[in-house]
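Colleague: Okay, here's the structure, questions in a sec.
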Amino acid sequence: MIKLVCIDLDGTLLDSKKCISERNRESIRRAVELKVHVTIFTGRSFGSAARYVRELKISIPAVFQNGALIIDPVDMKVYRSIELDSTLARHFVESCRAHSVYPVVYESFFSEKDMLVEGPYHGAFEEYFRLNAHRITLVKDLIEELRKRNGVVEVALVGNVEDVNRAIWEVSSIFHDGYTIVENQKKDGEAFVEIFGPNVGKEKALEFFLDMYGISPKEVMYIGDNLNDISIMRMVGISVAMMNAPEEVRKIATYVTQSNDDSGVAKALERFILQECVRE
């Protein structure tokens with residue numbers, strides 16, 4: 001019996017217009033009525049995801065920025081907040097410069113303008129930066145900005161896959177711990193990889209909920225669509241991949257549902273939680 005359902009946002013619960021379908025919303029409501037705990041596990045920041053959590057009336061802790069932040073959206077109690085040491089962050093930014101990789105520093109969990117960059121980005125992830133333009137602050141020197149802080153939320157490395165790998169290897173050959181590498185997406189030969197503080201990841205965040213509810217991973221259902229979902233999908237009793245997920249994600253899932261534009265989350269909930277025949 002599934003007692004906890006964890007759902008990703010982008011490419012999963014949200015459609016291409018970044019909206020939650022009525023069918024998805026209704027299925028989540030009905031699952032909660034059955035006393036199943038339902039929450040959000042997202043790579044998004046609290047500021048960019050909170051409105052969806054509140055729209056769904058999620059009343060238990062939710063996970064943001066791949067598990068670096070766990071917070072109750074009702075009383076705003078912070079259960080987990082893990083930063084990346086600024087010295088490590090500086091090394092990753094320096095390595096980005098050496099390998100022609102675009103660095104982004106996310107400085108705060110709650111600041112509206114939390115993304116620091118040194119210049120414009122051009123490449124496969126331009127849509128991401130366009131959608132998050134309101135969060136971006138242009139700075140002269142990221143290294144100097146990092147010297148002003150003891151810690152930040154994360155550093156993202158964006159660029160050619162091989163260049164990103166080289167930049168990460170250069171730092172990891174010197175520093176062996178104190179950070180977590182989360183592979184977010186690959187697109188058109190480019191990678192978007194995030195560097196967080198220690199023990200971050202959706203699978204690490206899940207441990208908090210297992211302890212909170214006294215349940216086992218087999219009693220958890222996870223629904224996701226991208227590379228940062230793979231680790232947690234390997235842990236749970238039922239892992240659901242969206243039809244729009246990369247093949248490597250679909251291959252490891254228990255079940256592949258319809259796409260995010262076809263209310264795939266609702267169809268998975270109807271099948272495994274609501275015990276209904278899936279309506280097409």
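By order in the structure tokens, chains are A, B, ...; within a chain, residues start at 1; ligands start at 1, following the order shown.
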Quick one: residues within 8 Å of A:Ala245, only C-alpha atoms counted, chain neighbours fewer than 4 positions away excluded, as an MDAnalysis selection string?

Modeller: chainID A and resid 11 224:226 241 249:250

Colleague: Let me see the file: selected residues, N, CA and C atoms, as a PDB file, in the first residue's frame.

Modeller:
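So selection-v9.pdb came out as:
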```pdb
ATOM      1  N   GLY A  11       7.858  19.378 -16.337  1.00  0.00           N
ATOM      2  CA  GLY A  11       7.889  18.195 -17.182  1.00  0.00           C
ATOM      3  C   GLY A  11       7.100  17.030 -16.606  1.00  0.00           C
ATOM      4  N   GLY A 224       8.251  11.374 -11.835  1.00  0.00           N
ATOM      5  CA  GLY A 224       9.204  12.359 -12.335  1.00  0.00           C
ATOM      6  C   GLY A 224       9.516  12.186 -13.802  1.00  0.00           C
ATOM      7  N   ASP A 225      10.440  13.012 -14.288  1.00  0.00           N
ATOM      8  CA  ASP A 225      10.690  13.002 -15.732  1.00  0.00           C
ATOM      9  C   ASP A 225      12.130  13.242 -16.139  1.00  0.00           C
ATOM     10  N   ASN A 226      13.042  13.485 -15.192  1.00  0.00           N
ATOM     11  CA  ASN A 226      14.362  13.882 -15.670  1.00  0.00           C
ATOM     12  C   ASN A 226      15.496  13.221 -14.903  1.00  0.00           C
ATOM     13  N   ALA A 241       7.578   7.231 -14.571  1.00  0.00           N
ATOM     14  CA  ALA A 241       8.219   8.176 -15.485  1.00  0.00           C
ATOM     15  C   ALA A 241       7.183   8.701 -16.461  1.00  0.00           C
ATOM     16  N   VAL A 249      15.527   7.523 -18.242  1.00  0.00           N
ATOM     17  CA  VAL A 249      14.628   7.634 -17.087  1.00  0.00           C
ATOM     18  C   VAL A 249      13.480   6.645 -17.230  1.00  0.00           C
ATOM     19  N   ARG A 250      12.905   6.556 -18.408  1.00  0.00           N
ATOM     20  CA  ARG A 250      11.786   5.630 -18.631  1.00  0.00           C
ATOM     21  C   ARG A 250      12.215   4.190 -18.404  1.00  0.00           C
TER      22      ARG A 250
END
```

Colleague: Do a neighbour search on A:Asp188 at 12 Å with only C-alpha atoms, toss out local chain neighbours closer than 3 positions, and write the hits as a ChimeraX atom specification.

Modeller: /A:123-126,159-161,185,191-192

Colleague: Step one, run DSSP on the backbone; step two, keep only residues of stretch 113-166 of chain A assigned to helix (DSSP H, G or I); then write them as a PyMOL selection string.

Modeller: chain A and resi 126-131+133-135+142-147+161-166

Colleague: Ranking A:Gly151, A:Gly197, A:Gly264, A:Pro246 by minimum distance to A:Gln65 and counting only C-alpha atoms, which one comes first?

Modeller: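 Closest to A:Gln65 of all the choices is A:Gly197.
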
Colleague: For each of A:Ile238, A:Leu142, A:Ile195, A:Ala205, take the minimum atom-to-atom distance to A:Val171, counting only C-alpha atoms, then give the residue where this is smallest.

Modeller: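 Distance minimum relative to A:Val171 lands on A:Ile195.
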
Colleague: Skipping near chain neighbours, those fewer than 3 positions away, what residues fall within 12 Å of A:Cys19 using only C-alpha atoms, listed as a list in words?

Modeller: Leu9, Asp10, Gly11, Thr12, Leu13, Leu14, Asp15, Ser16, Glu22, Arg23, Asn24, Arg25, Ala49, Arg51, Tyr52, Glu55, Leu56, Asn260, Asp261, Asp262 and Ser263 of chain A

Colleague: How would you write, as a ChimeraX atom specification, the set of residues in stretch 69-233 of chain A that DSSP gives as strand (DSSP E or B)?

Modeller: /A:69-71,78-81,84-85,102-106,115-117,136-138,151-152,154-160,180-187,190-196,220-224
